[in-house]
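**Q** The structure follows.
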Amino acid sequence: MPTVTAPASPHILAPAEISAIRADFPLLDREVNGRRLVYLDSGATSQNPRAVIAAEREYYENENSAVHRGAHTLAALATERFEDARATVARFVGAAEDEIVWTSNATEALNLVAYAIGNATAGRGGVDAERFRLTPGDEILVTEMEHHANLIPWQELAARTGAVLRFIPVADDGTLRMDEAARLVNSRTRVLAFTHVSNVLGVINPVAELVALARSVGALTVLDACQSAPHLPLDLSALGVDFAAFSGHKMLGPTGIGVLFGRSELLNALPPFLTGGSMITTVTMESAEYLPSPHRFEAGTQRVSQAIALASAVDYLERVGIDRIAAHETALGQRLVTGLAAIPGVTVLGPGVGRERVGLASFDVTGVHSHDIGQFLDDRGIAVRVGHHCAQPLHRRLGMTSSTRASAYLYTTEDEVDEFLDALSAAITFFGVSA
């Protein structure tokens, strides 16, 4: 566990505290291409502290067994740890335990909701599922800044049901056109799916306003919380969203574990997405009856070790203090965007200097492909993300095919941000870029 203790009021992490935190992450000690690693790709995948690695290892060494399926001691221990992990994650995001469904990742969680609505539209789920059924002419509304994981499932659902997919456009500064959102939400809107924080722009969307618009017409809300759950205080019940999804590997946890949040009454009305063992009450050769949420959505052998490790990651984040992490990353985000804006030939995507953003910044370098920038930085031991970041429509809206993204986390230092900015300036010189 980290050696820092969160104070009564949040404040930015002190350098000594960050050093103590960094000591908990073994991968941060390594070198890349003969240089000390500067890891600025946490927006894609965060690193794991020793406590999280140990939690998964200890489970396999001492308690490994199938959950919810046995009466022996190991099965009982494994089941208890598995459900305790659910309670830990539920508390972290302001949810009840039966509102947390384990998935393989956020992509699966979002697909689960979309396909379950499709199953309801096909007549599955009985009377309780009537509220989810779509008819031709109904509308699904997303935003132009969505990650493909919160776009393509809705494209597919529209294609299967005859619903119409519409989107809220993005303004030139990367913010949502809320005037257009108010115009687009109407009596035909059945689903409003949107990201809390853009993985490209770093912008924090106005969740309360969007939820209010959806509620005014009785539409369901689906929140992509992948870039908010690891970095910002998150109370899903208070936000009022109907469903939300996030991934463990972006918040110090392992890969292979994701979370779907859904309001209990909605999850219990949805027909299942995957079927098989562990999610049923009675099965005959002709039909089956399903367990209530969350187990009706957790067919088959479960992600036990991953869930336990994710709970350990949540414990770590809570010990440091999510408010303090958010404050630290906000400062780093401003340091990033301020430094980038001062480099000739660099265009920052999203909110500019002094405007609210999380601790990531994507940018374009005039006349140089993002992959070339990424390779130049990698040669100096600096890991960033390059490409379209699974947001092709957004990049197309901004007039580009790709960008470079630097993303920070609780273990990122100001010196690392400055080293990145210095290396990018060197790349500008190397490639002969002019303003």
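All residue names refer to the structure tokens as shown: chains lettered A, B, ... in order, residues numbered from 1 in each chain, ligands numbered from 1 in order.
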May I have a table of the residues of stretch 364-397 of chain A lying at most 10 Å from stretch 196-199 of chain A, giving each one's closest pair of atoms and their distance in Å to one decimal, counting only C-alpha atoms, ordered by chain and ascending residue number, as a Markdown table?
**A**
```
| residue | atom | partner | partner_atom | distance |
| --- | --- | --- | --- | --- |
| A:His389 | CA | A:Asn199 | CA | 7.5 |
| A:Cys390 | CA | A:Asn199 | CA | 9.0 |
| A:Ala391 | CA | A:Asn199 | CA | 8.5 |
```
**Q** Would you save the residues from that selection as a PDB file, in the first residue's frame, using C-alpha atoms?
**A**
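Listing of again_10.pdb after writing:
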```
ATOM      1  CA  HIS A 389      -7.139   6.811 -30.218  1.00  0.00           C
ATOM      2  CA  CYS A 390     -10.221   4.838 -31.286  1.00  0.00           C
ATOM      3  CA  ALA A 391     -11.949   8.125 -32.150  1.00  0.00           C
TER       4      ALA A 391
END
```
**Q** Within 12 Å of stretch 86-107 of chain A, which residues of stretch 275-349 of chain A come that close, and what is the closest atom pair and distance in Å for each? Count only C-alpha atoms and give it as CSV.
**A**
```
residue,atom,partner,partner_atom,distance
A:Met279,CA,A:Val101,CA,11.9
A:Leu291,CA,A:Asp98,CA,11.6
A:Pro292,CA,A:Asp98,CA,8.7
A:Ser293,CA,A:Asp98,CA,6.0
A:Pro294,CA,A:Val101,CA,5.2
A:His295,CA,A:Val101,CA,7.5
A:Arg296,CA,A:Val101,CA,9.1
A:Phe297,CA,A:Val101,CA,6.8
A:Glu298,CA,A:Trp102,CA,6.8
A:Ala299,CA,A:Thr103,CA,10.0
A:Gly300,CA,A:Thr103,CA,11.3
A:Thr301,CA,A:Trp102,CA,11.4
A:Gln302,CA,A:Trp102,CA,8.2
A:Arg303,CA,A:Trp102,CA,7.6
A:Val304,CA,A:Trp102,CA,9.5
A:Ser305,CA,A:Trp102,CA,11.9
A:Gln306,CA,A:Ser104,CA,9.3
A:Ala307,CA,A:Arg86,CA,7.4
A:Ile308,CA,A:Arg86,CA,8.5
A:Ala309,CA,A:Val89,CA,10.9
A:Leu310,CA,A:Val89,CA,7.9
A:Ala311,CA,A:Thr88,CA,5.9
A:Ser312,CA,A:Thr88,CA,8.8
A:Ala313,CA,A:Val89,CA,9.5
A:Val314,CA,A:Val89,CA,6.8
A:Asp315,CA,A:Thr88,CA,7.9
A:Tyr316,CA,A:Phe92,CA,11.3
A:Leu317,CA,A:Phe92,CA,9.4
A:Glu318,CA,A:Phe92,CA,8.0
A:Arg319,CA,A:Phe92,CA,11.6
A:Gly321,CA,A:Phe92,CA,11.1
A:Ile322,CA,A:Phe92,CA,9.7
```
**Q** So, counting only C-alpha atoms, which residue among A:Pro206, A:Pro230, A:Gly174, A:Gly253 is closest to A:Leu394?
**A**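 Between A:Pro206, A:Pro230, A:Gly174, A:Gly253, the residue approaching A:Leu394 most closely is A:Gly174.
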**Q** Run DSSP on the backbone and give me the residues of stretch 301-421 of chain A it puts in alpha helix (DSSP H), as a PyMOL selection string.
**A** chain A and resi 304-320+322-341+370-379+392-397+414-421
**Q** Can you tell me which residues surround A:Val191 at a distance of at most 8 Å, considering only C-alpha atoms, apart from same-chain residues fewer than 6 positions away, and format the answer as a ChimeraX atom specification?
**A** /A:139-141,214,219-222
**Q** May I have the residues from that selection written out with C-alpha atoms, as a PDB file, in the first residue's frame?
**A**
```pdb
ATOM      1  CA  GLU A 139     -33.602   7.679 -31.914  1.00  0.00           C
ATOM      2  CA  ILE A 140     -30.293   6.858 -30.247  1.00  0.00           C
ATOM      3  CA  LEU A 141     -28.146   9.893 -29.518  1.00  0.00           C
ATOM      4  CA  ALA A 214     -32.537  12.826 -21.333  1.00  0.00           C
ATOM      5  CA  ALA A 219     -34.546   8.548 -22.426  1.00  0.00           C
ATOM      6  CA  LEU A 220     -31.975   6.205 -20.909  1.00  0.00           C
ATOM      7  CA  THR A 221     -28.468   7.539 -20.245  1.00  0.00           C
ATOM      8  CA  VAL A 222     -25.307   5.491 -20.759  1.00  0.00           C
TER       9      VAL A 222
END
```
